[in-house]
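These notes are about the structure you will find just below.
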Amino acid sequence: IFTHIFMSGRLRNRATLITGAGSGIGLESSVLFAQEGCHVVLSDVNIDGAKKGAEIIATRYPNVKAIAIKCDVSREQDIKDAVDTAVKEFGRLDIMFNNAGIMHPEDDNALNTEERIWDLTMQINLKGVWWGCKYAILAMRQNPTDDSLGLHTGGSIINTASFVALMGAATPQLAYTASKGAVLAMTRELAMVHAREGIRLNSLCPGPLKTPLLMDFLNTEEKKQRRMVHLPMGRFGEAIEQAKAALFLASDDSSYMTGTDFTVDGGLSSAY
Ligand code: NAD
């Protein structure tokens, strides 16, 4: 876990629910948001990872509340319960980070990908984000409107997509790519529908990262090198670099941004 040195209180007294908070982007974001004064529900299907994050926050930032819960985003009821927990514990939900996702090792090209892999990927990466948006919007509508916290009146929803939603990956992962493209489209439409309620929705498009999700998928040195060739900076990204972008989207620093595909990819999408 990155050691955060500077604190500006950009999310002071706000409340967030983060999915996939037990590892990678979700874990780093949980700790970073807490450092900025935010109360955090860390949710993950891997409860041990979420608990680890909550313990780090409790030790480093005792003034904020951090709660770890088990939530499988492929189950609508789990997401509803997780949102209810945030509202019950913190009295509000300001930031929803729909970040959980999978890249299945058997995900392949159009000819080889089995329907069960397609369905599982869509269930987690796409339906899970839809449900996360749905219950977050319902909760955010109940947030106080005479908000003493500043500019903010509605809420900020961040949906993790991927650079592969913007360009074709040479290492085939059809279901994953399709699911992330759909996240971009869905986020844009939701952003338009809810803009006048003050609820902002943006997608985060990370480039290839050094997290278990990608490192397990690119499970040979040859596969890693094949991806590395396309990386202008010559390195995989770090989860904390995505967390910092998520913090920007979560905070009022991005108050005039909604419906964007916010790309943090080390220049990859500009490369030829
Ligand atoms: P990670 O493996 O470090 O973390 C993913 C977390 O999601 C894990 O803790 C895992 O337990 C959790 N998760 C998996 N299925 C879940 C489910 N059904 N319900 C709840 N939680 C579940 O990976 P990461 O790189 O931090 O991935 C986070 C997001 O970033 C994902 O949506 C991923 O698709 C996206 N992304 C990653 C990369 C990359 O290169 N790693 C690139 C672009 C986008």
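Going by the structure tokens order, chains are called A, B, ..., each with residues numbered from 1, while ligands are numbered from 1 in the order shown.
Excluding range 71-78 of chain A itself and any same-chain residue fewer than 2 positions from it, the protein and nucleic acid residues within 8 Å of it, counting only C-alpha atoms, are Thr19, Ser43, Asp44, Val45, Ile69, Lys80, Asp81, Ala82, Ala100, Gln123, Ile124, Lys127, Gly128, Val129, Trp131 and Gly132 of chain A.
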Exercise. Using only C-alpha atoms and all ligand atoms, determine which residues fall within 6 Å of ligand 1, then list them as a PyMOL selection string.
Key: chain A and resi 19-26+44-46+71-74+99-102+124+160-162+206-209+211-214
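The neighbours of Val193 in chain A here are the residues that come within 12 Å of it, using only C-alpha atoms and leaving out any residue fewer than 6 positions away in the same chain; they are A:Ile137, A:Met186, A:Thr187, A:Ile199, A:Arg200, A:Leu201, A:Thr258, A:Gly259.
Across A:Thr121, A:Thr260, A:Thr85, A:Asn143, the tightest approach to Met103 in chain A is made by A:Thr121 when counting only C-alpha atoms.
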Quiz item: To one decimal place, how far is CA of Val164 in chain A from CA of Cys205 in chain A in Å?
Solution: 8.3 Å
Self-check item: Distance query Lys223 in chain A at most 12 Å, only C-alpha atoms, self and fewer than 5 positions along chain excluded, as a list in words
Solution: Ala170, Thr171, Pro172, Leu214, Met215, Asp216, Phe217, Leu218, Met228, Val229 and His230 of chain A
What does the file look like for those residues with C-alpha atoms, as a PDB file, in the first residue's frame?
```
ATOM      1  CA  ALA A 170      -4.007  -7.755 -29.304  1.00  0.00           C
ATOM      2  CA  THR A 171      -4.295 -10.352 -26.536  1.00  0.00           C
ATOM      3  CA  PRO A 172      -7.934 -11.403 -27.057  1.00  0.00           C
ATOM      4  CA  LEU A 214      -3.825  -8.431 -15.237  1.00  0.00           C
ATOM      5  CA  MET A 215      -0.718 -10.196 -13.975  1.00  0.00           C
ATOM      6  CA  ASP A 216      -2.728 -13.417 -13.547  1.00  0.00           C
ATOM      7  CA  PHE A 217      -4.116 -13.032 -17.074  1.00  0.00           C
ATOM      8  CA  LEU A 218      -0.732 -12.275 -18.689  1.00  0.00           C
ATOM      9  CA  MET A 228       4.727  -4.029 -22.798  1.00  0.00           C
ATOM     10  CA  VAL A 229       5.654  -3.274 -26.430  1.00  0.00           C
ATOM     11  CA  HIS A 230       2.558  -1.073 -26.633  1.00  0.00           C
TER      12      HIS A 230
END
```
Exercise. Enumerate the residues of range 36-179 of chain A with a DSSP assignment of strand (DSSP E or B), computed from the backbone, and present them as a ChimeraX atom specification.
Key: /A:39-44,66-70,95-98,155-160
Practice problem: Using backbone DSSP assignments, extract all alpha helix (DSSP H) residues from range 15-181 of chain A; output them as an NGL selection string. | Solution: :A and (24-35 or 47-60 or 76-90 or 115-122 or 128-140 or 174-181)
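As for CA of Lys244 in chain A and CA of Val64 in chain A, they are spaced 18.8 Å apart.
Of the residues listed (A:Met233, A:Cys133, A:Ala175, A:Met140), A:Ala175 shows the shortest atom-to-atom separation from Glu115 in chain A; distances use only C-alpha atoms.
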Practice problem: Write out as a list in words the residues lying within 10 Å of Leu111 in chain A, counting only C-alpha atoms and excluding same-chain residues fewer than 3 positions away. | Solution: Asp108, Glu114 and Leu174 of chain A
Keeping only C-alpha atoms, write those residues as a compact mmCIF listing (two decimals), in the first residue's frame.
```
# COMPACT_ATOMS: atom_id res chain seq x y z
CA ASP A 108 -10.47 -15.46 -25.50
CA GLU A 114 -17.51 -20.05 -24.10
CA LEU A 174 -13.67 -10.63 -26.00
```
Quiz prompt | Non-local contacts of Pro232 in chain A (8 Å; only C-alpha atoms; under 4 positions in same chain excluded) as a PyMOL selection string | solution = chain A and resi 266-268+271
Residue selection dump (C-alpha atoms) as a PDB file, in the first residue's frame:
```
ATOM      1  CA  GLY A 266       0.395   6.068 -19.628  1.00  0.00           C
ATOM      2  CA  GLY A 267      -0.211   7.352 -23.158  1.00  0.00           C
ATOM      3  CA  LEU A 268      -1.284   3.980 -24.532  1.00  0.00           C
ATOM      4  CA  ALA A 271       0.310   5.285 -29.372  1.00  0.00           C
TER       5      ALA A 271
END
```
Exercise. Quote the spacing between CA of Tyr61 in chain A and CA of Met257 in chain A in Å to one decimal place.
Key: 28.9 Å
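For the choices A:Ser203, A:Ser251, A:Ser269, A:Thr220, the atom-to-atom distance to Leu11 in chain A is smallest for A:Ser251 when using only C-alpha atoms.
Proximity of A:Asn125, A:Asn219, A:Gln35, A:Gln225 to Asn98 in chain A, computed with only C-alpha atoms, is greatest for A:Asn125.
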